[in-house]
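Asks: If it helps, the file is called protein12.txt and holds compact mmCIF, C-alpha atoms:
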```txt
# COMPACT_ATOMS: atom_id res chain seq x y z
CA MET A 16 -81.24 -162.51 -83.40
CA ASP A 17 -81.47 -165.92 -81.73
CA PHE A 18 -80.65 -165.92 -78.02
CA GLU A 19 -81.40 -169.61 -77.52
CA LEU A 20 -78.54 -172.03 -77.01
CA SER A 21 -78.21 -174.99 -79.33
CA ALA A 22 -78.26 -178.53 -77.96
CA GLU A 23 -74.49 -178.74 -78.45
CA GLN A 24 -73.90 -175.49 -76.57
CA GLU A 25 -76.08 -176.63 -73.68
CA MET A 26 -74.18 -179.92 -73.57
CA LEU A 27 -70.85 -178.08 -73.48
CA ARG A 28 -72.03 -175.83 -70.64
CA ASP A 29 -73.46 -178.73 -68.63
CA THR A 30 -70.32 -180.83 -69.13
CA VAL A 31 -68.05 -178.08 -67.80
CA ARG A 32 -70.39 -177.44 -64.87
CA ASP A 33 -70.42 -181.13 -63.99
CA VAL A 34 -66.63 -181.44 -64.18
CA LEU A 35 -66.12 -178.48 -61.87
CA ALA A 36 -68.83 -179.60 -59.44
CA ARG A 37 -67.08 -182.97 -59.10
CA SER A 38 -63.60 -181.42 -58.89
CA TYR A 39 -64.05 -178.56 -56.46
CA THR A 40 -65.65 -177.68 -53.17
CA PRO A 41 -64.76 -174.44 -51.35
CA GLU A 42 -62.50 -176.44 -49.03
CA ARG A 43 -60.74 -178.25 -51.88
CA ARG A 44 -60.23 -174.99 -53.80
CA ASN A 45 -58.59 -173.41 -50.77
CA GLU A 46 -56.33 -176.44 -50.56
CA ILE A 47 -55.42 -176.33 -54.26
CA ILE A 48 -54.66 -172.60 -54.46
CA GLY A 49 -52.36 -173.06 -51.49
CA THR A 50 -50.12 -175.41 -53.46
CA GLU A 51 -47.04 -174.25 -55.33
CA LEU A 52 -48.74 -174.54 -58.72
CA GLY A 53 -52.02 -173.01 -57.56
CA TRP A 54 -54.27 -175.21 -59.72
CA ASP A 55 -54.96 -178.92 -60.24
CA PRO A 56 -53.08 -180.78 -63.03
CA GLU A 57 -55.72 -183.52 -62.93
CA VAL A 58 -58.47 -181.01 -63.75
CA TRP A 59 -56.21 -179.59 -66.50
CA ALA A 60 -55.94 -183.08 -67.99
CA ILE A 61 -59.73 -183.39 -67.95
CA PHE A 62 -60.00 -180.03 -69.72
CA ALA A 63 -57.67 -181.38 -72.40
CA GLU A 64 -59.65 -184.61 -72.71
CA ILE A 65 -62.98 -182.85 -73.29
CA GLY A 66 -61.44 -180.34 -75.69
CA LEU A 67 -61.48 -177.14 -73.64
CA LEU A 68 -57.79 -176.32 -74.06
CA GLY A 69 -58.23 -176.11 -77.83
CA LEU A 70 -61.81 -174.88 -77.70
CA THR A 71 -61.37 -171.95 -80.09
CA PHE A 72 -58.55 -173.39 -82.22
CA ALA A 73 -59.28 -174.45 -85.78
CA GLU A 74 -59.97 -178.15 -86.19
CA ALA A 75 -56.98 -178.40 -88.52
CA ASP A 76 -54.83 -177.21 -85.59
CA GLY A 77 -56.16 -179.84 -83.20
CA GLY A 78 -58.95 -177.71 -81.74
CA MET A 79 -62.74 -177.80 -81.62
CA GLY A 80 -63.30 -174.84 -83.93
CA ALA A 81 -65.73 -173.24 -81.47
CA GLY A 82 -66.52 -169.54 -81.42
CA PRO A 83 -66.94 -166.70 -78.91
CA ILE A 84 -70.34 -167.91 -77.69
CA GLU A 85 -68.93 -171.30 -76.68
CA ALA A 86 -65.98 -169.56 -75.03
CA MET A 87 -68.42 -167.37 -73.12
CA LEU A 88 -70.32 -170.41 -71.84
CA VAL A 89 -67.16 -172.17 -70.70
CA LEU A 90 -65.64 -169.12 -68.99
CA GLU A 91 -68.93 -168.39 -67.23
CA GLU A 92 -68.86 -171.87 -65.72
CA LEU A 93 -65.24 -171.40 -64.64
CA GLY A 94 -66.31 -168.21 -62.91
CA ARG A 95 -69.27 -169.91 -61.28
CA GLY A 96 -67.03 -172.68 -59.97
CA LEU A 97 -64.17 -170.26 -59.13
CA ALA A 98 -61.84 -172.68 -60.90
CA PRO A 99 -58.18 -171.59 -60.69
CA GLU A 100 -57.06 -173.41 -63.85
CA PRO A 101 -55.48 -170.91 -66.32
CA LEU A 102 -57.61 -171.83 -69.33
CA LEU A 103 -57.61 -168.33 -70.82
CA ASP A 104 -54.07 -167.27 -69.87
CA CYS A 105 -52.18 -170.46 -70.73
CA ALA A 106 -54.23 -171.91 -73.60
CA LEU A 107 -56.91 -169.88 -75.37
CA LEU A 108 -55.22 -166.46 -75.45
CA PRO A 109 -51.71 -167.52 -76.55
CA GLY A 110 -53.21 -170.13 -78.87
CA GLY A 111 -55.26 -167.43 -80.55
CA LEU A 112 -52.14 -165.34 -81.16
CA ILE A 113 -50.32 -168.31 -82.67
CA GLY A 114 -53.30 -169.14 -84.86
CA GLN A 115 -53.42 -165.58 -86.22
CA ALA A 116 -49.72 -164.67 -86.40
CA GLY A 117 -47.75 -167.92 -86.52
CA THR A 118 -46.32 -169.61 -89.55
CA ASP A 119 -47.76 -172.92 -90.73
CA THR A 120 -44.89 -174.71 -89.03
CA GLN A 121 -45.39 -172.88 -85.74
CA ARG A 122 -49.12 -173.57 -85.75
CA LYS A 123 -48.63 -177.26 -86.46
CA GLU A 124 -45.93 -177.62 -83.82
CA LEU A 125 -47.52 -175.65 -80.98
CA LEU A 126 -51.33 -175.62 -81.19
CA PRO A 127 -51.91 -179.41 -81.02
CA ARG A 128 -49.60 -179.59 -78.00
CA ILE A 129 -51.52 -176.81 -76.24
CA ALA A 130 -54.84 -178.50 -77.01
CA ALA A 131 -53.51 -181.81 -75.66
CA GLY A 132 -52.36 -180.21 -72.41
CA GLU A 133 -48.69 -180.92 -73.17
CA LEU A 134 -47.64 -177.26 -73.48
CA ARG A 135 -48.57 -174.26 -71.36
CA MET A 136 -47.92 -170.79 -72.72
CA ALA A 137 -48.40 -167.23 -71.51
CA PHE A 138 -48.60 -163.85 -73.21
CA ALA A 139 -46.06 -161.41 -71.76
CA HIS A 140 -47.31 -157.98 -72.84
CA ASN A 141 -48.00 -155.82 -69.75
CA GLU A 142 -45.18 -153.60 -68.57
CA PRO A 143 -44.66 -151.71 -65.29
CA GLY A 144 -46.12 -148.20 -65.30
CA LEU A 145 -48.15 -148.66 -68.49
CA ARG A 146 -51.93 -148.34 -68.22
CA TRP A 147 -54.41 -149.81 -70.64
CA PRO A 148 -54.31 -149.34 -73.57
CA ALA A 149 -50.52 -149.27 -73.91
CA ALA A 150 -49.49 -147.72 -77.23
CA GLU A 151 -45.73 -147.84 -76.73
CA LEU A 152 -43.62 -150.55 -75.16
CA ASP A 153 -40.26 -150.25 -73.45
CA SER A 154 -39.24 -153.78 -74.42
CA ARG A 155 -37.03 -153.88 -77.50
CA ALA A 156 -36.19 -156.54 -80.07
CA LEU A 157 -32.87 -156.42 -81.92
CA LEU A 158 -31.68 -158.57 -84.79
CA ASP A 159 -28.11 -159.74 -84.24
CA GLY A 160 -27.13 -161.44 -87.45
CA ASP A 161 -29.86 -164.04 -87.92
CA ARG A 162 -30.76 -164.17 -84.22
CA TRP A 163 -33.38 -162.07 -82.42
CA GLN A 164 -32.65 -160.76 -78.92
CA LEU A 165 -35.12 -159.25 -76.47
CA THR A 166 -34.45 -156.76 -73.70
CA GLY A 167 -37.08 -155.41 -71.33
CA ARG A 168 -39.35 -156.23 -68.42
CA LYS A 169 -42.86 -157.67 -68.42
CA HIS A 170 -45.04 -157.35 -65.32
CA PRO A 171 -47.49 -158.72 -64.51
CA VAL A 172 -47.61 -161.84 -66.67
CA PRO A 173 -50.75 -163.75 -65.65
CA HIS A 174 -49.78 -167.36 -64.90
CA GLY A 175 -46.35 -166.69 -66.33
CA ASP A 176 -44.99 -168.72 -63.42
CA CYS A 177 -46.10 -172.04 -64.93
CA ALA A 178 -45.64 -171.22 -68.62
CA GLN A 179 -43.27 -173.48 -70.52
CA LEU A 180 -43.07 -171.06 -73.46
CA LEU A 181 -43.77 -167.34 -73.65
CA ILE A 182 -45.16 -165.08 -76.34
CA VAL A 183 -43.49 -161.72 -75.80
CA SER A 184 -44.36 -158.40 -77.39
CA ALA A 185 -41.58 -155.93 -78.18
CA GLN A 186 -40.83 -152.87 -80.28
CA LEU A 187 -39.30 -153.76 -83.62
CA PRO A 188 -36.16 -151.98 -84.89
CA ASP A 189 -38.03 -150.38 -87.79
CA GLY A 190 -41.12 -149.49 -85.77
CA GLY A 191 -44.26 -151.37 -84.81
CA ILE A 192 -44.69 -154.19 -82.33
CA GLY A 193 -43.62 -157.75 -83.03
CA LEU A 194 -44.37 -161.02 -81.28
CA PHE A 195 -41.68 -163.48 -80.24
CA LEU A 196 -41.44 -166.95 -78.75
CA VAL A 197 -39.11 -167.18 -75.76
CA ASP A 198 -38.16 -170.16 -73.60
CA PRO A 199 -38.40 -168.84 -70.00
CA ASN A 200 -35.58 -171.18 -68.97
CA THR A 201 -33.11 -169.83 -71.51
CA GLY A 202 -30.23 -167.53 -70.69
CA GLY A 203 -31.02 -163.87 -70.23
CA VAL A 204 -34.47 -164.53 -68.72
CA GLN A 205 -35.15 -163.97 -65.04
CA ARG A 206 -38.59 -165.00 -63.80
CA THR A 207 -39.95 -164.09 -60.37
CA THR A 208 -43.23 -165.68 -59.24
CA PHE A 209 -45.78 -163.95 -57.02
CA ASP A 210 -49.25 -164.64 -55.64
CA THR A 211 -52.12 -162.39 -56.68
CA HIS A 212 -54.70 -161.18 -54.17
CA ASP A 213 -57.35 -163.48 -55.65
CA GLY A 214 -55.31 -166.60 -54.90
CA LEU A 215 -53.87 -167.10 -58.39
CA ARG A 216 -50.32 -166.72 -59.71
CA GLY A 217 -48.34 -164.32 -61.85
CA ALA A 218 -44.77 -163.57 -62.82
CA ASP A 219 -42.38 -160.66 -63.19
CA ILE A 220 -40.09 -161.47 -66.11
CA GLU A 221 -36.95 -159.59 -67.14
CA PHE A 222 -35.22 -160.13 -70.49
CA ASP A 223 -31.57 -159.23 -70.98
CA SER A 224 -30.58 -159.95 -74.58
CA ALA A 225 -32.61 -163.16 -74.38
CA THR A 226 -32.70 -165.34 -77.48
CA ALA A 227 -36.11 -165.27 -79.18
CA GLU A 228 -37.87 -166.74 -82.20
CA LEU A 229 -40.00 -164.44 -84.29
CA LEU A 230 -43.67 -165.46 -84.29
CA GLY A 231 -44.66 -165.27 -87.93
CA THR A 232 -43.21 -162.22 -89.66
CA THR A 233 -41.99 -158.74 -88.74
CA GLU A 234 -45.41 -157.31 -89.56
CA ASP A 235 -46.67 -154.82 -86.97
CA ARG A 236 -48.89 -156.82 -84.62
CA SER A 237 -50.44 -153.88 -82.75
CA GLY A 238 -53.83 -154.50 -84.34
CA LEU A 239 -53.74 -158.20 -83.54
CA ILE A 240 -52.78 -157.51 -79.93
CA ALA A 241 -55.66 -155.03 -79.61
CA ALA A 242 -58.12 -157.56 -81.11
CA THR A 243 -56.83 -160.29 -78.80
CA ALA A 244 -57.37 -157.99 -75.83
CA ILE A 245 -60.99 -157.48 -76.91
CA HIS A 246 -61.54 -161.25 -77.06
CA ALA A 247 -59.90 -161.60 -73.64
CA GLN A 248 -62.11 -158.86 -72.18
CA ALA A 249 -65.20 -160.71 -73.39
CA ALA A 250 -63.93 -163.94 -71.85
CA LEU A 251 -63.15 -162.27 -68.53
CA GLY A 252 -66.57 -160.63 -68.60
CA ALA A 253 -68.20 -164.04 -68.95
CA GLU A 254 -66.11 -165.38 -66.06
CA ALA A 255 -67.21 -162.40 -63.96
CA VAL A 256 -70.88 -163.10 -64.74
CA GLY A 257 -70.44 -166.66 -63.51
CA ALA A 258 -68.79 -165.45 -60.31
CA MET A 259 -71.54 -162.88 -59.74
CA SER A 260 -74.23 -165.52 -60.27
CA GLU A 261 -72.79 -167.75 -57.58
CA ALA A 262 -72.14 -164.87 -55.19
CA LEU A 263 -75.79 -163.85 -55.51
CA ARG A 264 -76.98 -167.43 -55.04
CA LEU A 265 -74.91 -167.83 -51.89
CA THR A 266 -76.24 -164.53 -50.56
CA THR A 267 -79.91 -165.30 -51.15
CA GLU A 268 -79.52 -168.76 -49.60
CA TYR A 269 -77.89 -167.16 -46.57
CA LEU A 270 -80.76 -164.67 -46.21
CA LYS A 271 -83.22 -167.57 -46.29
CA THR A 272 -81.49 -169.66 -43.63
CA ARG A 273 -79.70 -167.23 -41.27
CA LYS A 274 -81.92 -166.09 -38.42
CA GLN A 275 -81.85 -162.93 -36.36
CA PHE A 276 -84.30 -162.08 -33.60
CA GLY A 277 -85.80 -165.52 -34.21
CA VAL A 278 -86.75 -164.94 -37.87
CA PRO A 279 -84.90 -165.46 -41.19
CA LEU A 280 -83.06 -162.44 -42.57
CA ARG A 281 -85.24 -162.56 -45.68
CA THR A 282 -88.12 -161.17 -43.59
CA PHE A 283 -86.32 -157.84 -43.34
CA GLN A 284 -87.49 -155.81 -46.32
CA THR A 285 -84.38 -153.66 -46.61
CA LEU A 286 -82.18 -156.76 -47.03
CA THR A 287 -84.42 -158.27 -49.70
CA HIS A 288 -84.40 -154.96 -51.58
CA ARG A 289 -80.60 -154.97 -51.55
CA ALA A 290 -80.60 -158.55 -52.85
CA ALA A 291 -83.02 -157.48 -55.60
CA ASP A 292 -80.62 -154.68 -56.58
CA MET A 293 -77.86 -157.28 -56.81
CA TYR A 294 -80.02 -159.29 -59.21
CA VAL A 295 -80.54 -156.20 -61.39
CA SER A 296 -76.77 -155.64 -61.51
CA LEU A 297 -76.24 -159.28 -62.46
CA GLU A 298 -78.72 -159.16 -65.34
CA LEU A 299 -77.22 -155.92 -66.65
CA ALA A 300 -73.78 -157.58 -66.63
CA ARG A 301 -75.12 -160.76 -68.23
CA SER A 302 -76.75 -158.86 -71.07
CA MET A 303 -73.55 -156.91 -71.75
CA SER A 304 -71.47 -160.08 -71.68
CA LEU A 305 -73.80 -161.62 -74.22
CA TYR A 306 -73.66 -158.44 -76.30
CA ALA A 307 -69.86 -158.49 -76.37
CA SER A 308 -69.65 -162.19 -77.24
CA MET A 309 -72.34 -162.06 -79.92
CA SER A 310 -70.63 -159.05 -81.51
CA LEU A 311 -67.41 -161.05 -81.76
CA ALA A 312 -69.34 -164.02 -83.15
CA ASP A 313 -70.67 -161.70 -85.88
CA GLY A 314 -67.11 -160.65 -86.73
CA MET A 315 -67.38 -157.19 -85.14
CA VAL A 316 -64.19 -156.66 -83.11
CA ASP A 317 -65.13 -153.23 -81.78
CA PRO A 318 -63.19 -151.61 -78.90
CA VAL A 319 -66.18 -149.40 -78.07
CA VAL A 320 -68.43 -152.43 -77.61
CA ALA A 321 -65.72 -154.08 -75.51
CA SER A 322 -65.33 -151.00 -73.29
CA ARG A 323 -69.09 -150.66 -72.81
CA ALA A 324 -69.26 -154.27 -71.67
CA LYS A 325 -66.14 -154.03 -69.48
CA LEU A 326 -67.42 -150.90 -67.76
CA ARG A 327 -70.85 -152.33 -67.00
CA ILE A 328 -69.51 -155.70 -65.87
CA GLY A 329 -66.88 -154.04 -63.68
CA ARG A 330 -69.46 -151.87 -61.94
CA SER A 331 -71.82 -154.81 -61.44
CA GLY A 332 -69.02 -156.97 -60.06
CA ARG A 333 -68.02 -154.34 -57.54
CA HIS A 334 -71.63 -153.84 -56.43
CA ILE A 335 -72.42 -157.53 -56.11
CA GLY A 336 -69.14 -158.39 -54.39
CA GLN A 337 -69.47 -155.65 -51.80
CA GLU A 338 -73.13 -156.38 -51.11
CA ALA A 339 -72.50 -160.12 -50.84
CA ILE A 340 -69.95 -159.53 -48.09
CA GLN A 341 -72.09 -156.94 -46.33
CA LEU A 342 -75.21 -159.14 -46.31
CA HIS A 343 -73.23 -162.09 -44.98
CA GLY A 344 -71.72 -160.06 -42.19
CA GLY A 345 -68.47 -161.21 -40.60
CA ILE A 346 -68.51 -164.67 -42.19
CA GLY A 347 -68.25 -163.06 -45.62
CA MET A 348 -64.71 -161.94 -44.81
CA THR A 349 -63.38 -165.31 -43.70
CA ALA A 350 -61.00 -167.35 -45.87
CA GLU A 351 -63.05 -170.50 -45.24
CA TYR A 352 -66.24 -169.08 -46.78
CA PRO A 353 -66.34 -168.63 -50.58
CA VAL A 354 -68.04 -165.20 -50.86
CA GLY A 355 -64.82 -163.31 -50.11
CA HIS A 356 -62.97 -165.35 -52.75
CA TYR A 357 -65.61 -164.51 -55.37
CA THR A 358 -65.28 -160.82 -54.51
CA ALA A 359 -61.49 -161.02 -54.76
CA ARG A 360 -61.73 -162.63 -58.21
CA LEU A 361 -64.27 -160.04 -59.38
CA THR A 362 -61.94 -157.28 -58.21
CA ALA A 363 -59.01 -158.84 -60.10
CA ILE A 364 -61.08 -159.13 -63.29
CA GLU A 365 -62.21 -155.52 -62.97
CA HIS A 366 -58.57 -154.38 -62.91
CA THR A 367 -57.43 -156.59 -65.81
CA LEU A 368 -57.15 -155.07 -69.30
CA GLY A 369 -58.32 -151.69 -68.07
CA ASP A 370 -60.39 -150.95 -65.00
CA SER A 371 -63.74 -149.15 -65.01
CA SER A 372 -62.15 -145.69 -64.89
CA ASP A 373 -59.94 -146.54 -67.88
CA HIS A 374 -62.89 -147.67 -69.97
CA LEU A 375 -65.05 -144.73 -68.89
CA ARG A 376 -62.25 -142.39 -69.98
CA TYR A 377 -61.93 -144.25 -73.31
CA LEU A 378 -65.67 -144.04 -74.00
CA ALA A 379 -65.77 -140.36 -73.05
CA ALA A 380 -62.95 -139.64 -75.50
CA HIS A 381 -64.95 -141.26 -78.32
CA ILE A 382 -68.34 -139.76 -77.56
CA ALA A 383 -67.91 -137.29 -80.45
CA ASP A 384 -67.90 -140.26 -82.84
CA HIS A 385 -71.67 -140.61 -82.32
CA GLN A 386 -74.36 -138.33 -83.64
CA MET A 387 -76.49 -138.55 -80.49
CA ALA A 388 -75.78 -139.53 -76.91
CA GLU A 389 -78.46 -140.25 -74.32
CA ILE A 390 -77.92 -140.37 -70.58
```
What's the structure tokens form of this structure?

Replies:
Amino acid sequence: MDFELSAEQEMLRDTVRDVLARSYTPERRNEIIGTELGWDPEVWAIFAEIGLLGLTFAEADGGMGAGPIEAMLVLEELGRGLAPEPLLDCALLPGGLIGQAGTDTQRKELLPRIAAGELRMAFAHNEPGLRWPAAELDSRALLDGDRWQLTGRKHPVPHGDCAQLLIVSAQLPDGGIGLFLVDPNTGGVQRTTFDTHDGLRGADIEFDSATAELLGTTEDRSGLIAATAIHAQAALGAEAVGAMSEALRLTTEYLKTRKQFGVPLRTFQTLTHRAADMYVSLELARSMSLYASMSLADGMVDPVVASRAKLRIGRSGRHIGQEAIQLHGGIGMTAEYPVGHYTARLTAIEHTLGDSSDHLRYLAAHIADHQMAEI
């Protein structure tokens, strides 16, 4: 197994890192997330120009045809730069669903527009009171003549506030889960925007006999939704690794420069040991992120692999975030300093698509599938 990046992969990673370094400082990010949109349209346009919005789309659909490893590299840089742009929520995730489930006409109409930055979409799947993984949905789709209608509530919808078109999951009349395209500005749709604790945006969307267009066919899409969630978990894990890397870097730099009793904090052995433990947590998370992404690259869409990675990355993120704030002292809690923002984002990622307790419970339920377990 080759763990070395190709020249093209290194170029992609370095390009994204350079774009974000030129676009954001901690002060500018605080300014941008305070706007109504919560992210920078100019940076979004740059993402479109360098091909990030269609990164994993097929070349025939206007994308770059890249795989999970390239997505991992890009999302890690977004996490490192704490970029608020909704690359995963409004482009890669809904685009992946369209590429897998859409008709030829739907793919040709929608995917090039997403890749060009002309169309933002969001996947409305989560429902109030349902924990990961949700087997049954309360939202219902009914066929009235030749017209589909949706009724139900989706909450939270990550970045559903800025989506110009929604992909909505709903129970089909004959059983199974279907996917539908819904214009959020059409009749029967009520969208309420809210801020998340990590400075991003979400939406609470209610559908009351809203007109919808079937995405693809009435085939049960439960398996596709589950596979898409696994890809999203890998992407979020990579973003978390990037955020952890920068939180650790900020912490070690602070220990080198901040003085107490006339000497740098790094001279206190207990503090350096805690920083070393943070590094161990980071490398454990990085290896699991790579494991998850390489498994997907090999065509193995395995929920057990995804849960192992999500559990380890969630635990590492909690450890690193808490220690980063503790080792910074009071400044780590201020809105002006970035460490608290990294911790907030790591916390949000840990609670997305199942938190650590959810994945631990899932893995425990499947332990009998293995012949031997070692602790």

Asks: Between A:Arg301, A:Arg360, A:Arg273, A:His374, which residue has the minimum interatomic distance to His343 (chain A), considering all atoms listed in the file?

Replies: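 Between A:Arg301, A:Arg360, A:Arg273, A:His374, the residue approaching His343 (chain A) most closely is A:Arg273.
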
Asks: Kindly give the distance, in Å, that separates CA of Leu229 (chain A) and CA of Leu158 (chain A), rounded to a single decimal.

Replies: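 Straight-line distance from CA of Leu229 (chain A) to CA of Leu158 (chain A) works out to 10.2 Å.
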
Asks: Taking 3 positions as the minimum chain separation for residues in the same chain, which residues sit within 12 Å of Thr208 (chain A) when counting all atoms listed in the file? Answer as a list in words.

Replies: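 Counting only the stated atoms, we get Glu51, Leu52, Gly53, His170, Pro171, Val172, Pro173, His174, Gly175, Asp176, Cys177, Ala178, Gln205, Thr211, Leu215, Arg216, Gly217, Ala218, Asp219, Ile220 and Glu221 of chain A.
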
Asks: Using all atoms listed in the file, find each residue in region 238-277 of chain A having at least one atom no more than 7 Å away from region 88-91 of chain A; report its shortest atom-to-atom pair and that distance in Å (one decimal), rows by chain then rising number, as JSON lines.

Replies:
```
{"residue": "A:Ala250", "atom": "CA", "partner": "A:Leu90", "partner_atom": "CA", "distance": 6.2}
{"residue": "A:Ala253", "atom": "CA", "partner": "A:Glu91", "partner_atom": "CA", "distance": 4.7}
{"residue": "A:Glu254", "atom": "CA", "partner": "A:Glu91", "partner_atom": "CA", "distance": 4.3}
{"residue": "A:Val256", "atom": "CA", "partner": "A:Glu91", "partner_atom": "CA", "distance": 6.2}
{"residue": "A:Gly257", "atom": "CA", "partner": "A:Glu91", "partner_atom": "CA", "distance": 4.4}
```

Asks: Would you save the residues from that selection as a CSV table (one decimal), keeping the file's coordinate frame, using C-alpha atoms?

Replies:
```
chain,number,residue,atom,x,y,z
A,250,ALA,CA,-63.9,-163.9,-71.8
A,253,ALA,CA,-68.2,-164.0,-69.0
A,254,GLU,CA,-66.1,-165.4,-66.1
A,256,VAL,CA,-70.9,-163.1,-64.7
A,257,GLY,CA,-70.4,-166.7,-63.5
```

Asks: At a cut-off of 10 Å, using only C-alpha atoms, what residues contact Gly82 (chain A)? Leave out same-chain residues fewer than 5 positions from it and give the result as a PDB file with C-alpha atoms, keeping the file's coordinate frame.

Replies:
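Resulting contents of out-v5.pdb:
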```pdb
ATOM      1  CA  LEU A  70     -61.810-174.880 -77.700  1.00  0.00           C
ATOM      2  CA  THR A  71     -61.370-171.950 -80.090  1.00  0.00           C
ATOM      3  CA  PHE A  72     -58.550-173.390 -82.220  1.00  0.00           C
ATOM      4  CA  ALA A  73     -59.280-174.450 -85.780  1.00  0.00           C
ATOM      5  CA  MET A  87     -68.420-167.370 -73.120  1.00  0.00           C
ATOM      6  CA  SER A 308     -69.650-162.190 -77.240  1.00  0.00           C
ATOM      7  CA  MET A 309     -72.340-162.060 -79.920  1.00  0.00           C
ATOM      8  CA  LEU A 311     -67.410-161.050 -81.760  1.00  0.00           C
ATOM      9  CA  ALA A 312     -69.340-164.020 -83.150  1.00  0.00           C
ATOM     10  CA  ASP A 313     -70.670-161.700 -85.880  1.00  0.00           C
TER      11      ASP A 313
END
```

Asks: Select, from A:Gln248, A:Asn141, A:Gln275, A:Gln115, the residue with the minimum atom-to-atom distance to Glu234 (chain A), counting only C-alpha atoms.

Replies: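 The closest residue to Glu234 (chain A) is A:Gln115.
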
Asks: Just want the 8 Å neighbourhood of Arg289 (chain A), counted on only C-alpha atoms, with same-chain residues fewer than 4 positions away dropped. Output as an MDAnalysis selection string.

Replies: chainID A and resid 285 293 338

Asks: In terms of the shortest atom-to-atom distance over all atoms listed in the file, which of A:Ser302, A:Asp210, A:Ala60, A:Ile84 is closest to Ser21 (chain A)?

Replies: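 Of all the options, A:Ile84 lies closest to Ser21 (chain A).
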
Asks: Report as a list of chain:residue names all protein, DNA and RNA residues lying within 10 Å of Asp55 (chain A), evaluated on only C-alpha atoms, omitting residues in the same chain fewer than 2 positions from it.

Replies: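 Residues meeting the cut-off are A:Ser38, A:Tyr39, A:Arg44, A:Ile47, A:Ile48, A:Thr50, A:Leu52, A:Gly53, A:Glu57, A:Val58, A:Trp59, A:Ala60, A:Ala98, A:Pro99, A:Glu100.
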
Asks: Calculated over only C-alpha atoms, which of the candidates A:Arg37, A:His246, A:Arg95, A:Arg122 has the smallest distance to Gly78 (chain A)?

Replies: A:Arg122

Asks: Hey, can you check how far CA of Met136 (chain A) sits from CA of Leu180 (chain A)?

Replies: 4.9 Å

Asks: At a cut-off of 12 Å, using all atoms listed in the file, what residues contact Ile182 (chain A)? Leave out same-chain residues fewer than 4 positions from it and give the result as a ChimeraX atom specification.

Replies: /A:104-106,108-113,116-117,125,135-141,165,169,172,175,178,193-199,220,227-231,240

Asks: So, with all atoms listed in the file as the atoms that count, which of A:Thr287, A:Gln386, A:Ser322, A:Ser184 lies closest to Ala149 (chain A)?

Replies: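 Distance minimum relative to Ala149 (chain A) lands on A:Ser184.
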
Asks: Just how far from CA of Leu97 (chain A) is CA of Ala290 (chain A), in Å to one decimal?

Replies: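 Taking CA of Ala290 (chain A) as the start and CA of Leu97 (chain A) as the end point, the length is 21.1 Å.
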
Asks: Under the rule that all atoms listed in the file are counted, which of A:Leu326, A:Arg168, A:Leu375, A:Asp384 is the nearest residue to Gly144 (chain A)?

Replies: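 Among the listed residues, the smallest separation from Gly144 (chain A) belongs to A:Arg168.
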
Asks: Taking only N, CA, C and O atoms, show region 217-225 of chain A of the given structure as a PDB file, in the first residue's frame.

Replies:
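So the final result, stored in decode-v6.pdb, reads:
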```pdb
ATOM      1  N   GLY A 217     -27.526  26.827   9.530  1.00  0.00           N
ATOM      2  CA  GLY A 217     -28.373  25.675   9.249  1.00  0.00           C
ATOM      3  C   GLY A 217     -29.796  26.144   9.033  1.00  0.00           C
ATOM      4  O   GLY A 217     -30.095  27.341   9.114  1.00  0.00           O
ATOM      5  N   ALA A 218     -30.684  25.198   8.770  1.00  0.00           N
ATOM      6  CA  ALA A 218     -32.080  25.557   8.525  1.00  0.00           C
ATOM      7  C   ALA A 218     -33.002  24.480   9.075  1.00  0.00           C
ATOM      8  O   ALA A 218     -32.657  23.287   9.118  1.00  0.00           O
ATOM      9  N   ASP A 219     -34.163  24.929   9.502  1.00  0.00           N
ATOM     10  CA  ASP A 219     -35.282  24.071   9.888  1.00  0.00           C
ATOM     11  C   ASP A 219     -36.324  24.239   8.776  1.00  0.00           C
ATOM     12  O   ASP A 219     -36.818  25.342   8.554  1.00  0.00           O
ATOM     13  N   ILE A 220     -36.626  23.153   8.076  1.00  0.00           N
ATOM     14  CA  ILE A 220     -37.479  23.256   6.891  1.00  0.00           C
ATOM     15  C   ILE A 220     -38.704  22.362   7.052  1.00  0.00           C
ATOM     16  O   ILE A 220     -38.578  21.159   7.321  1.00  0.00           O
ATOM     17  N   GLU A 221     -39.879  22.958   6.900  1.00  0.00           N
ATOM     18  CA  GLU A 221     -41.135  22.219   6.966  1.00  0.00           C
ATOM     19  C   GLU A 221     -41.769  22.162   5.584  1.00  0.00           C
ATOM     20  O   GLU A 221     -41.802  23.165   4.860  1.00  0.00           O
ATOM     21  N   PHE A 222     -42.280  20.994   5.238  1.00  0.00           N
ATOM     22  CA  PHE A 222     -42.938  20.767   3.941  1.00  0.00           C
ATOM     23  C   PHE A 222     -44.404  20.417   4.188  1.00  0.00           C
ATOM     24  O   PHE A 222     -44.712  19.517   4.967  1.00  0.00           O
ATOM     25  N   ASP A 223     -45.276  21.135   3.530  1.00  0.00           N
ATOM     26  CA  ASP A 223     -46.708  20.891   3.651  1.00  0.00           C
ATOM     27  C   ASP A 223     -47.290  20.734   2.255  1.00  0.00           C
ATOM     28  O   ASP A 223     -47.642  21.709   1.592  1.00  0.00           O
ATOM     29  N   SER A 224     -47.334  19.483   1.797  1.00  0.00           N
ATOM     30  CA  SER A 224     -47.782  19.168   0.431  1.00  0.00           C
ATOM     31  C   SER A 224     -47.002  19.986  -0.600  1.00  0.00           C
ATOM     32  O   SER A 224     -47.568  20.519  -1.561  1.00  0.00           O
ATOM     33  N   ALA A 225     -45.690  20.074  -0.398  1.00  0.00           N
ATOM     34  CA  ALA A 225     -44.833  20.844  -1.307  1.00  0.00           C
ATOM     35  C   ALA A 225     -44.585  20.056  -2.590  1.00  0.00           C
ATOM     36  O   ALA A 225     -44.355  18.840  -2.564  1.00  0.00           O
TER      37      ALA A 225
END
```
